[in-house]
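Below is one structure, written out as structure tokens, with a few remarks after it.
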Amino acid sequence: MNISELVGKNCCGCSACMNSCPKNCIAMKPDSEGFWYPATDENLCVDCKKCERVCPVLNNKKADNQPKAYLVRNRNETLRKSSSSGGFFPAAAEFVIEQGGCVFGAGYDEKFNVRHSFIESMDDITKFNRSKYVQSFIGNTYKQAKDFLESGRTVLFTGTPCQIEGLLTFLGKDYDNLYTMDIICKGVPSPKFWRKYLKWHIKRSKKEIKEVRFREKTYGYGSTTMRVVYADGSEYDEPYDVDPMLQFYSKEMISRPSCYNCRFKGKHRRSSFTAGDYWYVSGAAPEMDDNIGVTQILVNNDKAAAAFGQIRKRLDVAELDFDNDSAINGGMMVSSAQPNPRREEMFADLATMSVYGLQRKYFPGTFRLKNRIKRRLRPIMYKFGILKVYKKRMRKKQSEKG
Ligand SMILES: Cc1cc2nc3c(=O)[nH]c(=O)nc-3n(C[C@H](O)[C@H](O)[C@H](O)COP(=O)(O)OP(=O)(O)OC[C@H]3O[C@@H](n4cnc5c(N)ncnc54)[C@H](O)[C@@H]3O)c2cc1C
């Protein structure tokens with residue numbers, strides 16, 4: 001049996017198998033939903049089973065650690081504004097880059113495909129800032145990271161929990177000069193849906209795309225907004241219940257099958273740091289609640305704690321109670337989202353229907369007059385502080401519902 005047959009739909013697409021193959025006979029190929037799975041060239045395979053030994057799904061290692069939880073804000077407001085949450089990531093990146101190290105993360109290529117790569121200067125930090133709600137292609141970055149580590153350079157590798165586990169099983173040993181940061185992750189959407197979405201933008205605007213920001217903070221941290229900047233400088237700005245990419249993602253229609261049964265979630269992790277959002281800042285640390293964003297972090301081991309001692313001078317920090325405060329926000333830290341019952345139907349339609357057609361079929365409410373008025377009122381509600389109160393209420397209602 002080859003690696004693909006062994007791991008089946010539990011495959012998380014981390015690409016550890018491809019990076020480890022001594023014969024280069026494994027390629028990552030997209031399936032009909034656009035997610036990558038390993039494909040082995042049987043003519044070249046020598047059955048060494050290295051791919052099986054590095055697969056994090058087949059070798060699920062549990063951490064036995066006692067994390068410390070904090071709420072943090074980057075003191076550099078420009079960096080915080082260009083981050084999804086509170087900008088912990090750029091603070092950790094700066095710590096590593098100042099030592100002459102390099103930082104791996106998810107950014108866009110020239111066609112807005114989401115791919116992992118590395119940077120060596122803080123001038124390039126915005127390449128990785130902000131969450132991209134699309135699965136990032138790892139390519140050969142595990143091998144590149146290993147080369148840097150072996151040459152003695154400090155490395156920070158950031159990504160989803162499965163990507164970090166993939167890196168750690170690929171490396172197979174501890175490196176003193178390696179730091180990792182995984183994110184609290186709801187799931188990674190289909191790169192195929194993403195391509196279709198980008199084409200939809202170009203078709204409706206008749207303009208090329210210059211910039212995409214999944215988590216624009218125009219209307220505050222709690223008000224997730226998709227911003228697309230076109231080549232002529234004009235902008236598209238829509239909230240998560242109107243923008244199709246955010247809408248299909250938030251309603252669990254486009255994430256990878258393995259995300260709905262994620263094996264890498266949990267409060268005990270092998271990464272150095274775990275970073276996520278924190279929506280209950282007004283309760284846990286009201287002095288930090290300025291609507292620009294905070295990051296909840298877990299510092300997962302002693303080496304990470306020593307590094308955090310250095311990183312924290314760039315941050316405002318409040319301690320969180322690991323068992324209680326993290327838990328209120330921790331749904332996605334420990335449990336997988338459930339797929340929408342119409343997910344399969346949607347992927348079948350994706351082959352033939354336009355994004356507009358899909359939206360009309362699955363979310364007809366988007367186009368109702370009431371919702372269109374709500375959209376127009378958003379800037380005014382934001383200006384007078386009503387939006388923040390409204391969002392807080394909605395969140396409270398949701399958490400009461402469970
Ligand atoms: C797909 C996805 C789902 C998420 N779901 C949740 C959730 O349910 N709950 C929650 O609390 N937080 C979630 N997050 C995490 C959150 O959005 C922030 O990324 C996190 O709080 C770090 O914020 P920051 O301000 O410190 O980092 P930023 O400065 O915004 O840096 C972003 C970091 O995320 C990494 N990243 C961005 N996009 C991807 C990607 N597609 N794949 C891998 N790595 C990526 C970058 O490499 C960088 O390290 C999710 C993030 C992503 C990418």
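Each chain in the structure tokens gets a letter, A, B, ..., in the order shown, and its residues are numbered from 1; ligands are numbered from 1 in order too.
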Report as JSON lines: every residue of chain A with an atom at most 6 Å from ligand 1, its closest pair of atoms, and their distance in Å to one decimal, counting only C-alpha atoms and all ligand atoms, with rows sorted by chain and ascending residue number.
```
{"residue": "A:Ser83", "atom": "CA", "partner": "ligand 1", "partner_atom_place_in_ligand_line": "30 (O)", "distance": 3.5}
{"residue": "A:Ser84", "atom": "CA", "partner": "ligand 1", "partner_atom_place_in_ligand_line": "30 (O)", "distance": 3.7}
{"residue": "A:Ser85", "atom": "CA", "partner": "ligand 1", "partner_atom_place_in_ligand_line": "25 (O)", "distance": 3.5}
{"residue": "A:Gly86", "atom": "CA", "partner": "ligand 1", "partner_atom_place_in_ligand_line": "25 (O)", "distance": 4.3}
{"residue": "A:Gly87", "atom": "CA", "partner": "ligand 1", "partner_atom_place_in_ligand_line": "25 (O)", "distance": 3.5}
{"residue": "A:Phe88", "atom": "CA", "partner": "ligand 1", "partner_atom_place_in_ligand_line": "26 (O)", "distance": 3.6}
{"residue": "A:Phe89", "atom": "CA", "partner": "ligand 1", "partner_atom_place_in_ligand_line": "26 (O)", "distance": 4.0}
{"residue": "A:Pro90", "atom": "CA", "partner": "ligand 1", "partner_atom_place_in_ligand_line": "29 (O)", "distance": 5.5}
{"residue": "A:Gly105", "atom": "CA", "partner": "ligand 1", "partner_atom_place_in_ligand_line": "47 (O)", "distance": 3.3}
{"residue": "A:Ala106", "atom": "CA", "partner": "ligand 1", "partner_atom_place_in_ligand_line": "47 (O)", "distance": 4.0}
{"residue": "A:Phe128", "atom": "CA", "partner": "ligand 1", "partner_atom_place_in_ligand_line": "46 (C)", "distance": 4.7}
{"residue": "A:Asn129", "atom": "CA", "partner": "ligand 1", "partner_atom_place_in_ligand_line": "29 (O)", "distance": 3.8}
{"residue": "A:Arg130", "atom": "CA", "partner": "ligand 1", "partner_atom_place_in_ligand_line": "30 (O)", "distance": 3.3}
{"residue": "A:Ser131", "atom": "CA", "partner": "ligand 1", "partner_atom_place_in_ligand_line": "37 (C)", "distance": 3.7}
{"residue": "A:Lys132", "atom": "CA", "partner": "ligand 1", "partner_atom_place_in_ligand_line": "38 (N)", "distance": 3.9}
{"residue": "A:Tyr133", "atom": "CA", "partner": "ligand 1", "partner_atom_place_in_ligand_line": "1 (C)", "distance": 4.3}
{"residue": "A:Val134", "atom": "CA", "partner": "ligand 1", "partner_atom_place_in_ligand_line": "41 (N)", "distance": 4.8}
{"residue": "A:Gln135", "atom": "CA", "partner": "ligand 1", "partner_atom_place_in_ligand_line": "41 (N)", "distance": 4.9}
{"residue": "A:Ser136", "atom": "CA", "partner": "ligand 1", "partner_atom_place_in_ligand_line": "41 (N)", "distance": 4.8}
{"residue": "A:Thr158", "atom": "CA", "partner": "ligand 1", "partner_atom_place_in_ligand_line": "49 (O)", "distance": 4.7}
{"residue": "A:Gly159", "atom": "CA", "partner": "ligand 1", "partner_atom_place_in_ligand_line": "44 (N)", "distance": 3.6}
{"residue": "A:Thr160", "atom": "CA", "partner": "ligand 1", "partner_atom_place_in_ligand_line": "43 (C)", "distance": 4.7}
{"residue": "A:Ile183", "atom": "CA", "partner": "ligand 1", "partner_atom_place_in_ligand_line": "15 (C)", "distance": 5.0}
{"residue": "A:Ile184", "atom": "CA", "partner": "ligand 1", "partner_atom_place_in_ligand_line": "12 (N)", "distance": 4.5}
{"residue": "A:Cys185", "atom": "CA", "partner": "ligand 1", "partner_atom_place_in_ligand_line": "5 (N)", "distance": 3.6}
{"residue": "A:Lys186", "atom": "CA", "partner": "ligand 1", "partner_atom_place_in_ligand_line": "8 (O)", "distance": 3.9}
{"residue": "A:Gly187", "atom": "CA", "partner": "ligand 1", "partner_atom_place_in_ligand_line": "1 (C)", "distance": 5.5}
{"residue": "A:Val188", "atom": "CA", "partner": "ligand 1", "partner_atom_place_in_ligand_line": "1 (C)", "distance": 4.7}
{"residue": "A:Ala275", "atom": "CA", "partner": "ligand 1", "partner_atom_place_in_ligand_line": "21 (O)", "distance": 4.8}
{"residue": "A:Gly276", "atom": "CA", "partner": "ligand 1", "partner_atom_place_in_ligand_line": "21 (O)", "distance": 3.2}
{"residue": "A:Asp277", "atom": "CA", "partner": "ligand 1", "partner_atom_place_in_ligand_line": "11 (O)", "distance": 3.6}
{"residue": "A:Thr295", "atom": "CA", "partner": "ligand 1", "partner_atom_place_in_ligand_line": "21 (O)", "distance": 5.1}
{"residue": "A:Met332", "atom": "CA", "partner": "ligand 1", "partner_atom_place_in_ligand_line": "8 (O)", "distance": 5.0}
```
Could you pull out the strand (DSSP E) residues of segment 102-250 of chain A, going by DSSP on the backbone, and write them as a compact mmCIF listing (two decimals) with N, CA and C atoms, in the first residue's frame?
```txt
# COMPACT_ATOMS: atom_id res chain seq x y z
N CYS A 102 15.66 33.05 10.37
CA CYS A 102 14.65 33.22 9.33
C CYS A 102 13.31 32.67 9.78
N VAL A 103 12.27 33.18 9.14
CA VAL A 103 10.90 32.93 9.59
C VAL A 103 10.08 32.36 8.44
N PHE A 104 9.43 31.24 8.69
CA PHE A 104 8.57 30.61 7.68
C PHE A 104 7.10 30.90 8.00
N GLY A 105 6.31 31.16 6.96
CA GLY A 105 4.89 31.40 7.18
C GLY A 105 4.13 31.32 5.88
N ALA A 106 2.84 31.63 5.95
CA ALA A 106 1.95 31.53 4.78
C ALA A 106 1.74 32.91 4.16
N GLY A 107 2.04 33.02 2.88
CA GLY A 107 1.84 34.29 2.17
C GLY A 107 1.25 34.03 0.79
N TYR A 108 1.03 35.10 0.03
CA TYR A 108 0.50 34.94 -1.34
C TYR A 108 1.64 34.93 -2.34
N VAL A 114 -1.99 30.65 -1.98
CA VAL A 114 -1.40 30.74 -0.63
C VAL A 114 -0.33 29.65 -0.50
N ARG A 115 0.88 30.07 -0.19
CA ARG A 115 2.02 29.14 -0.15
C ARG A 115 2.93 29.48 1.02
N HIS A 116 3.60 28.49 1.56
CA HIS A 116 4.62 28.75 2.57
C HIS A 116 5.93 29.18 1.90
N SER A 117 6.64 30.08 2.56
CA SER A 117 7.98 30.48 2.12
C SER A 117 8.67 31.05 3.35
N PHE A 118 9.84 31.67 3.16
CA PHE A 118 10.51 32.23 4.34
C PHE A 118 10.95 33.67 4.08
N ILE A 119 11.12 34.40 5.18
CA ILE A 119 11.65 35.77 5.10
C ILE A 119 12.86 35.87 6.05
N VAL A 155 15.46 29.32 13.49
CA VAL A 155 14.29 29.26 12.60
C VAL A 155 13.02 29.39 13.44
N LEU A 156 12.08 30.22 12.94
CA LEU A 156 10.70 30.20 13.46
C LEU A 156 9.83 29.68 12.33
N PHE A 157 9.13 28.58 12.56
CA PHE A 157 8.24 28.04 11.54
C PHE A 157 6.81 28.18 12.05
N THR A 158 5.95 28.83 11.27
CA THR A 158 4.56 29.06 11.70
C THR A 158 3.60 28.39 10.73
N GLY A 159 2.45 27.96 11.25
CA GLY A 159 1.47 27.32 10.37
C GLY A 159 0.34 26.70 11.18
N LEU A 178 15.33 25.81 16.90
CA LEU A 178 14.01 25.84 16.24
C LEU A 178 12.92 26.31 17.20
N TYR A 179 12.12 27.27 16.71
CA TYR A 179 10.88 27.66 17.40
C TYR A 179 9.73 27.44 16.43
N THR A 180 8.59 27.04 16.97
CA THR A 180 7.42 26.86 16.10
C THR A 180 6.22 27.57 16.71
N MET A 181 5.35 28.04 15.85
CA MET A 181 4.09 28.64 16.33
C MET A 181 2.95 28.05 15.52
N ASP A 182 2.06 27.32 16.19
CA ASP A 182 0.85 26.89 15.47
C ASP A 182 -0.30 27.79 15.87
N ILE A 183 -1.32 27.80 15.01
CA ILE A 183 -2.47 28.66 15.29
C ILE A 183 -3.62 27.81 15.80
N ILE A 209 -6.57 42.20 -9.40
CA ILE A 209 -6.49 42.30 -7.94
C ILE A 209 -5.07 42.68 -7.53
N LYS A 210 -4.98 43.66 -6.61
CA LYS A 210 -3.66 44.10 -6.15
C LYS A 210 -3.35 43.56 -4.75
N GLU A 211 -4.39 43.44 -3.94
CA GLU A 211 -4.17 43.06 -2.54
C GLU A 211 -5.42 42.37 -1.98
N VAL A 212 -5.22 41.39 -1.11
CA VAL A 212 -6.36 40.75 -0.44
C VAL A 212 -6.08 40.72 1.06
N ARG A 213 -7.06 41.11 1.84
CA ARG A 213 -6.92 41.05 3.31
C ARG A 213 -8.17 40.38 3.88
N PHE A 214 -7.97 39.18 4.43
CA PHE A 214 -9.12 38.46 4.99
C PHE A 214 -9.63 39.10 6.27
N ARG A 215 -8.72 39.73 7.02
CA ARG A 215 -9.12 40.22 8.33
C ARG A 215 -8.86 41.71 8.46
N GLU A 216 -9.48 42.49 7.55
CA GLU A 216 -9.33 43.94 7.62
C GLU A 216 -10.05 44.44 8.88
N THR A 225 -13.82 41.46 8.27
CA THR A 225 -14.16 42.06 6.97
C THR A 225 -13.18 41.59 5.91
N MET A 226 -13.69 41.21 4.76
CA MET A 226 -12.83 40.87 3.62
C MET A 226 -12.60 42.13 2.80
N ARG A 227 -11.34 42.47 2.63
CA ARG A 227 -11.03 43.61 1.76
C ARG A 227 -10.21 43.14 0.56
N VAL A 228 -10.67 43.55 -0.63
CA VAL A 228 -9.90 43.30 -1.84
C VAL A 228 -9.60 44.66 -2.46
N VAL A 229 -8.32 44.90 -2.71
CA VAL A 229 -7.94 46.17 -3.34
C VAL A 229 -7.63 45.86 -4.81
N TYR A 230 -8.27 46.63 -5.71
CA TYR A 230 -8.08 46.41 -7.15
C TYR A 230 -6.92 47.26 -7.67
N GLU A 235 -11.73 49.74 -3.78
CA GLU A 235 -11.77 48.69 -2.76
C GLU A 235 -13.11 47.99 -2.66
N TYR A 236 -13.06 46.72 -2.32
CA TYR A 236 -14.25 45.91 -2.01
C TYR A 236 -14.13 45.59 -0.52
N ASP A 237 -15.18 45.82 0.23
CA ASP A 237 -15.17 45.63 1.69
C ASP A 237 -16.47 44.96 2.08
N GLU A 238 -16.45 43.68 2.46
CA GLU A 238 -17.72 43.04 2.86
C GLU A 238 -17.52 42.17 4.10
N PRO A 239 -18.55 42.11 4.96
CA PRO A 239 -18.43 41.31 6.19
C PRO A 239 -18.59 39.80 5.93
```
_Closest of A:Arg270, A:Lys392, A:Arg342, A:Lys251 to Pro67 of chain A - atom-to-atom distances counting only C-alpha atoms_ = A:Arg270
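In terms of minimum interatomic distance to Phe322 of chain A, A:Gln296 ranks closest within A:Arg153, A:Val389, A:Lys207, A:Gln296, counting only C-alpha atoms.
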*asked:* Neighbouring residues of Lys143 of chain A were defined as those with any atom within 10 Å, considering only C-alpha atoms; residues of the same chain fewer than 5 positions away were excluded. Please report them as a list of chain:residue names.
replied: A:Ala16, A:Met18, A:Asn19, A:Ser20, A:Phe148, A:Leu149, A:Leu167, A:Phe170, A:Leu171
Next, dump the selected residues to file, keeping only all heavy atoms, as an mmCIF file, in the first residue's frame.
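Once everything was written out, this is selection_18.cif:
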```cif
data_model
loop_
_atom_site.group_PDB
_atom_site.id
_atom_site.type_symbol
_atom_site.label_atom_id
_atom_site.label_comp_id
_atom_site.auth_asym_id
_atom_site.auth_seq_id
_atom_site.Cartn_x
_atom_site.Cartn_y
_atom_site.Cartn_z
ATOM 1 N N ALA A 16 4.754 16.294 4.562
ATOM 2 C CA ALA A 16 5.956 15.717 5.186
ATOM 3 C C ALA A 16 6.459 14.547 4.352
ATOM 4 O O ALA A 16 7.665 14.358 4.185
ATOM 5 C CB ALA A 16 5.642 15.267 6.612
ATOM 6 N N MET A 18 6.201 14.049 1.083
ATOM 7 C CA MET A 18 6.878 14.533 -0.128
ATOM 8 C C MET A 18 8.280 15.060 0.215
ATOM 9 O O MET A 18 9.257 14.781 -0.476
ATOM 10 C CB MET A 18 6.050 15.640 -0.780
ATOM 11 C CG MET A 18 6.667 16.207 -2.033
ATOM 12 S SD MET A 18 5.694 17.555 -2.715
ATOM 13 C CE MET A 18 6.251 18.930 -1.739
ATOM 14 N N ASN A 19 8.359 15.819 1.322
ATOM 15 C CA ASN A 19 9.655 16.400 1.718
ATOM 16 C C ASN A 19 10.673 15.325 2.117
ATOM 17 O O ASN A 19 11.873 15.539 2.027
ATOM 18 C CB ASN A 19 9.461 17.377 2.880
ATOM 19 C CG ASN A 19 9.064 18.769 2.423
ATOM 20 O OD1 ASN A 19 9.916 19.638 2.245
ATOM 21 N ND2 ASN A 19 7.779 18.997 2.181
ATOM 22 N N SER A 20 10.171 14.178 2.593
ATOM 23 C CA SER A 20 11.092 13.174 3.139
ATOM 24 C C SER A 20 11.566 12.164 2.092
ATOM 25 O O SER A 20 12.539 11.453 2.327
ATOM 26 C CB SER A 20 10.408 12.410 4.273
ATOM 27 O OG SER A 20 9.440 11.539 3.725
ATOM 28 N N PHE A 148 18.508 25.183 7.038
ATOM 29 C CA PHE A 148 18.861 26.336 7.891
ATOM 30 C C PHE A 148 19.245 25.875 9.297
ATOM 31 O O PHE A 148 20.215 26.349 9.884
ATOM 32 C CB PHE A 148 17.700 27.327 7.992
ATOM 33 C CG PHE A 148 17.495 28.168 6.758
ATOM 34 C CD1 PHE A 148 16.244 28.302 6.179
ATOM 35 C CD2 PHE A 148 18.553 28.860 6.176
ATOM 36 C CE1 PHE A 148 16.040 29.084 5.054
ATOM 37 C CE2 PHE A 148 18.361 29.649 5.046
ATOM 38 C CZ PHE A 148 17.108 29.752 4.485
ATOM 39 N N LEU A 149 18.452 24.952 9.835
ATOM 40 C CA LEU A 149 18.714 24.466 11.199
ATOM 41 C C LEU A 149 20.075 23.788 11.284
ATOM 42 O O LEU A 149 20.848 24.029 12.208
ATOM 43 C CB LEU A 149 17.611 23.490 11.637
ATOM 44 C CG LEU A 149 16.241 24.118 11.894
ATOM 45 C CD1 LEU A 149 15.157 23.037 11.984
ATOM 46 C CD2 LEU A 149 16.239 24.954 13.180
ATOM 47 N N LEU A 167 6.095 19.128 10.252
ATOM 48 C CA LEU A 167 7.503 19.553 10.308
ATOM 49 C C LEU A 167 8.250 18.752 11.381
ATOM 50 O O LEU A 167 9.358 18.264 11.148
ATOM 51 C CB LEU A 167 7.584 21.060 10.612
ATOM 52 C CG LEU A 167 8.991 21.580 10.887
ATOM 53 C CD1 LEU A 167 9.805 21.654 9.591
ATOM 54 C CD2 LEU A 167 8.975 22.956 11.564
ATOM 55 N N PHE A 170 8.792 15.223 10.405
ATOM 56 C CA PHE A 170 9.776 15.227 9.305
ATOM 57 C C PHE A 170 11.196 15.388 9.872
ATOM 58 O O PHE A 170 12.115 14.664 9.487
ATOM 59 C CB PHE A 170 9.456 16.362 8.322
ATOM 60 C CG PHE A 170 10.581 16.687 7.389
ATOM 61 C CD1 PHE A 170 10.844 15.888 6.277
ATOM 62 C CD2 PHE A 170 11.403 17.788 7.623
ATOM 63 C CE1 PHE A 170 11.904 16.171 5.429
ATOM 64 C CE2 PHE A 170 12.465 18.083 6.785
ATOM 65 C CZ PHE A 170 12.721 17.267 5.675
ATOM 66 N N LEU A 171 11.374 16.329 10.810
ATOM 67 C CA LEU A 171 12.717 16.581 11.366
ATOM 68 C C LEU A 171 13.168 15.396 12.236
ATOM 69 O O LEU A 171 14.347 15.030 12.218
ATOM 70 C CB LEU A 171 12.733 17.866 12.198
ATOM 71 C CG LEU A 171 12.545 19.172 11.415
ATOM 72 C CD1 LEU A 171 12.396 20.348 12.372
ATOM 73 C CD2 LEU A 171 13.716 19.409 10.454
#
```
*With a distance cut-off of 6 Å and only C-alpha atoms, select the neighbouring residues of segment 280-294 of chain A, excluding the residue or stretch itself and same-chain residues fewer than 2 positions from it, and output the selection as a list in words.*
Val72, Arg73, Ser85, Gly86, Gly220, Tyr221 and Tyr278 of chain A
N, CA and C atoms of the current selection, written as a PDB file, in the first residue's frame:
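Below you can see part-v9.pdb, which holds the result:
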```
ATOM      1  N   VAL A  72      -1.928  38.882  24.685  1.00  0.00           N
ATOM      2  CA  VAL A  72      -0.863  39.838  24.352  1.00  0.00           C
ATOM      3  C   VAL A  72      -1.287  40.796  23.248  1.00  0.00           C
ATOM      4  N   ARG A  73      -0.641  41.971  23.268  1.00  0.00           N
ATOM      5  CA  ARG A  73      -0.825  42.985  22.209  1.00  0.00           C
ATOM      6  C   ARG A  73       0.537  43.475  21.810  1.00  0.00           C
ATOM      7  N   SER A  85      -4.842  39.316  14.768  1.00  0.00           N
ATOM      8  CA  SER A  85      -5.277  39.413  16.159  1.00  0.00           C
ATOM      9  C   SER A  85      -4.478  40.528  16.829  1.00  0.00           C
ATOM     10  N   GLY A  86      -3.599  40.133  17.788  1.00  0.00           N
ATOM     11  CA  GLY A  86      -2.861  41.172  18.511  1.00  0.00           C
ATOM     12  C   GLY A  86      -1.420  41.313  18.065  1.00  0.00           C
ATOM     13  N   GLY A 220     -13.222  47.537  13.160  1.00  0.00           N
ATOM     14  CA  GLY A 220     -12.829  47.006  14.466  1.00  0.00           C
ATOM     15  C   GLY A 220     -12.450  45.535  14.403  1.00  0.00           C
ATOM     16  N   TYR A 221     -11.738  45.103  15.461  1.00  0.00           N
ATOM     17  CA  TYR A 221     -11.205  43.737  15.553  1.00  0.00           C
ATOM     18  C   TYR A 221     -12.303  42.678  15.463  1.00  0.00           C
ATOM     19  N   TYR A 278      -8.953  36.159  20.684  1.00  0.00           N
ATOM     20  CA  TYR A 278      -9.588  36.139  21.998  1.00  0.00           C
ATOM     21  C   TYR A 278     -10.698  37.176  22.001  1.00  0.00           C
TER      22      TYR A 278
END
```
*DSSP-assigned helix (DSSP H, G or I) members of segment 200-265 of chain A, reported as a PyMOL selection string*: chain A and resi 200-205+244-250+257-261
Would you export the selected residues with N, CA and C atoms as a PDB file, in the first residue's frame, please?
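Just written: again_23.pdb:
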```
ATOM      1  N   TRP A 200     -14.114  35.311  -9.721  1.00  0.00           N
ATOM      2  CA  TRP A 200     -15.395  36.016  -9.548  1.00  0.00           C
ATOM      3  C   TRP A 200     -15.147  37.515  -9.329  1.00  0.00           C
ATOM      4  N   HIS A 201     -14.125  37.841  -8.538  1.00  0.00           N
ATOM      5  CA  HIS A 201     -13.783  39.257  -8.303  1.00  0.00           C
ATOM      6  C   HIS A 201     -13.388  39.940  -9.604  1.00  0.00           C
ATOM      7  N   ILE A 202     -12.530  39.267 -10.373  1.00  0.00           N
ATOM      8  CA  ILE A 202     -12.007  39.881 -11.598  1.00  0.00           C
ATOM      9  C   ILE A 202     -13.140  40.084 -12.602  1.00  0.00           C
ATOM     10  N   LYS A 203     -14.052  39.096 -12.650  1.00  0.00           N
ATOM     11  CA  LYS A 203     -15.156  39.170 -13.607  1.00  0.00           C
ATOM     12  C   LYS A 203     -16.129  40.300 -13.236  1.00  0.00           C
ATOM     13  N   ARG A 204     -16.486  40.380 -11.959  1.00  0.00           N
ATOM     14  CA  ARG A 204     -17.509  41.378 -11.575  1.00  0.00           C
ATOM     15  C   ARG A 204     -16.949  42.801 -11.562  1.00  0.00           C
ATOM     16  N   SER A 205     -15.640  42.935 -11.261  1.00  0.00           N
ATOM     17  CA  SER A 205     -15.087  44.296 -11.166  1.00  0.00           C
ATOM     18  C   SER A 205     -14.437  44.734 -12.487  1.00  0.00           C
ATOM     19  N   PRO A 244     -18.700  35.912  -0.141  1.00  0.00           N
ATOM     20  CA  PRO A 244     -18.869  34.470  -0.330  1.00  0.00           C
ATOM     21  C   PRO A 244     -17.761  33.608   0.275  1.00  0.00           C
ATOM     22  N   MET A 245     -16.508  34.057   0.201  1.00  0.00           N
ATOM     23  CA  MET A 245     -15.414  33.235   0.741  1.00  0.00           C
ATOM     24  C   MET A 245     -15.609  33.039   2.251  1.00  0.00           C
ATOM     25  N   LEU A 246     -15.848  34.134   2.955  1.00  0.00           N
ATOM     26  CA  LEU A 246     -16.016  34.061   4.410  1.00  0.00           C
ATOM     27  C   LEU A 246     -17.310  33.336   4.776  1.00  0.00           C
ATOM     28  N   GLN A 247     -18.336  33.562   3.940  1.00  0.00           N
ATOM     29  CA  GLN A 247     -19.640  32.955   4.209  1.00  0.00           C
ATOM     30  C   GLN A 247     -19.584  31.408   4.099  1.00  0.00           C
ATOM     31  N   PHE A 248     -19.019  30.907   2.990  1.00  0.00           N
ATOM     32  CA  PHE A 248     -18.951  29.453   2.797  1.00  0.00           C
ATOM     33  C   PHE A 248     -17.998  28.807   3.815  1.00  0.00           C
ATOM     34  N   TYR A 249     -16.962  29.590   4.227  1.00  0.00           N
ATOM     35  CA  TYR A 249     -16.025  29.080   5.246  1.00  0.00           C
ATOM     36  C   TYR A 249     -16.716  29.019   6.604  1.00  0.00           C
ATOM     37  N   SER A 250     -17.369  30.128   6.982  1.00  0.00           N
ATOM     38  CA  SER A 250     -17.947  30.161   8.332  1.00  0.00           C
ATOM     39  C   SER A 250     -19.107  29.167   8.455  1.00  0.00           C
ATOM     40  N   PRO A 257     -11.607  17.789   4.348  1.00  0.00           N
ATOM     41  CA  PRO A 257     -12.296  16.733   5.116  1.00  0.00           C
ATOM     42  C   PRO A 257     -11.596  16.404   6.437  1.00  0.00           C
ATOM     43  N   SER A 258     -10.246  16.333   6.452  1.00  0.00           N
ATOM     44  CA  SER A 258      -9.537  15.954   7.690  1.00  0.00           C
ATOM     45  C   SER A 258      -9.727  16.993   8.804  1.00  0.00           C
ATOM     46  N   CYS A 259     -10.074  18.232   8.426  1.00  0.00           N
ATOM     47  CA  CYS A 259     -10.259  19.277   9.455  1.00  0.00           C
ATOM     48  C   CYS A 259     -11.476  18.988  10.330  1.00  0.00           C
ATOM     49  N   TYR A 260     -12.426  18.223   9.781  1.00  0.00           N
ATOM     50  CA  TYR A 260     -13.638  17.942  10.556  1.00  0.00           C
ATOM     51  C   TYR A 260     -13.415  16.814  11.572  1.00  0.00           C
ATOM     52  N   ASN A 261     -12.205  16.262  11.526  1.00  0.00           N
ATOM     53  CA  ASN A 261     -11.831  15.265  12.532  1.00  0.00           C
ATOM     54  C   ASN A 261     -10.332  15.472  12.805  1.00  0.00           C
TER      55      ASN A 261
END
```
*Check the smallest atom-to-atom distance from each of A:Asp31, A:Asp321, A:Glu98, A:Glu150 to Cys11 of chain A using only C-alpha atoms, then report the winner.*
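Residue with the minimum atom-to-atom distance to Cys11 of chain A: A:Asp31.
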*asked:* Quick one: residues within 12 Å of Arg372 of chain A, only C-alpha atoms, excluding same-chain residues fewer than 5 positions away - as a list in words?
replied: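 The residues that qualify are Glu238, Pro239, Asp241, Val242, Gly365, Thr366, Phe367, Leu377 and Arg378 of chain A.
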Could the residues in this selection be saved with N, CA and C atoms as a compact mmCIF listing (two decimals), in the first residue's frame?
```
# COMPACT_ATOMS: atom_id res chain seq x y z
N GLU A 238 -16.45 43.68 2.46
CA GLU A 238 -17.72 43.04 2.86
C GLU A 238 -17.52 42.17 4.10
N PRO A 239 -18.55 42.11 4.96
CA PRO A 239 -18.43 41.31 6.19
C PRO A 239 -18.59 39.80 5.93
N ASP A 241 -20.79 37.69 6.65
CA ASP A 241 -22.08 37.13 6.25
C ASP A 241 -22.56 37.63 4.89
N VAL A 242 -21.66 38.29 4.16
CA VAL A 242 -21.99 38.76 2.81
C VAL A 242 -20.93 38.28 1.81
N GLY A 365 -30.51 34.54 1.59
CA GLY A 365 -30.77 35.67 2.50
C GLY A 365 -29.82 36.84 2.28
N THR A 366 -28.64 36.55 1.72
CA THR A 366 -27.62 37.60 1.50
C THR A 366 -28.20 38.77 0.70
N PHE A 367 -29.14 38.44 -0.22
CA PHE A 367 -29.60 39.46 -1.16
C PHE A 367 -30.89 40.15 -0.69
N LEU A 377 -25.74 50.36 6.74
CA LEU A 377 -25.71 51.02 8.05
C LEU A 377 -24.41 50.76 8.81
N ARG A 378 -23.65 49.75 8.36
CA ARG A 378 -22.47 49.31 9.12
C ARG A 378 -21.48 50.45 9.42
```
*Using only C-alpha atoms, which residues sit within 7 Å of Ile297 of chain A once same-chain residues fewer than 4 positions away are excluded, as a list in words?*
Ala69, Tyr70, Leu71, Phe273, Thr274, Ala275 and Gly276 of chain A
*From the list A:Lys303, A:Arg263, A:Lys173, A:Lys192, which residue is nearest Asn59 of chain A when using only C-alpha atoms?*
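Using only C-alpha atoms, Asn59 of chain A sits closest to A:Arg263.
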*Give me the residues within 12 Å of segment 6-9 of chain A as a list of chain:residue names, counting only C-alpha atoms and dropping any in the same chain fewer than 4 places off.*
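Contacts, in chain order: A:Met1, A:Asn2, A:Gly13, A:Cys17, A:Asp31, A:Glu33, A:Phe35, A:Trp36, A:Tyr37, A:Pro38, A:Ala39, A:Thr40, A:Lys49, A:Cys51, A:Glu52, A:Arg53, A:Cys55, A:Pro56, A:Val57, A:Leu58, A:Asn59, A:Arg256, A:Pro257, A:Ser258, A:Cys259, A:Tyr260, A:Asn261, A:Cys262.
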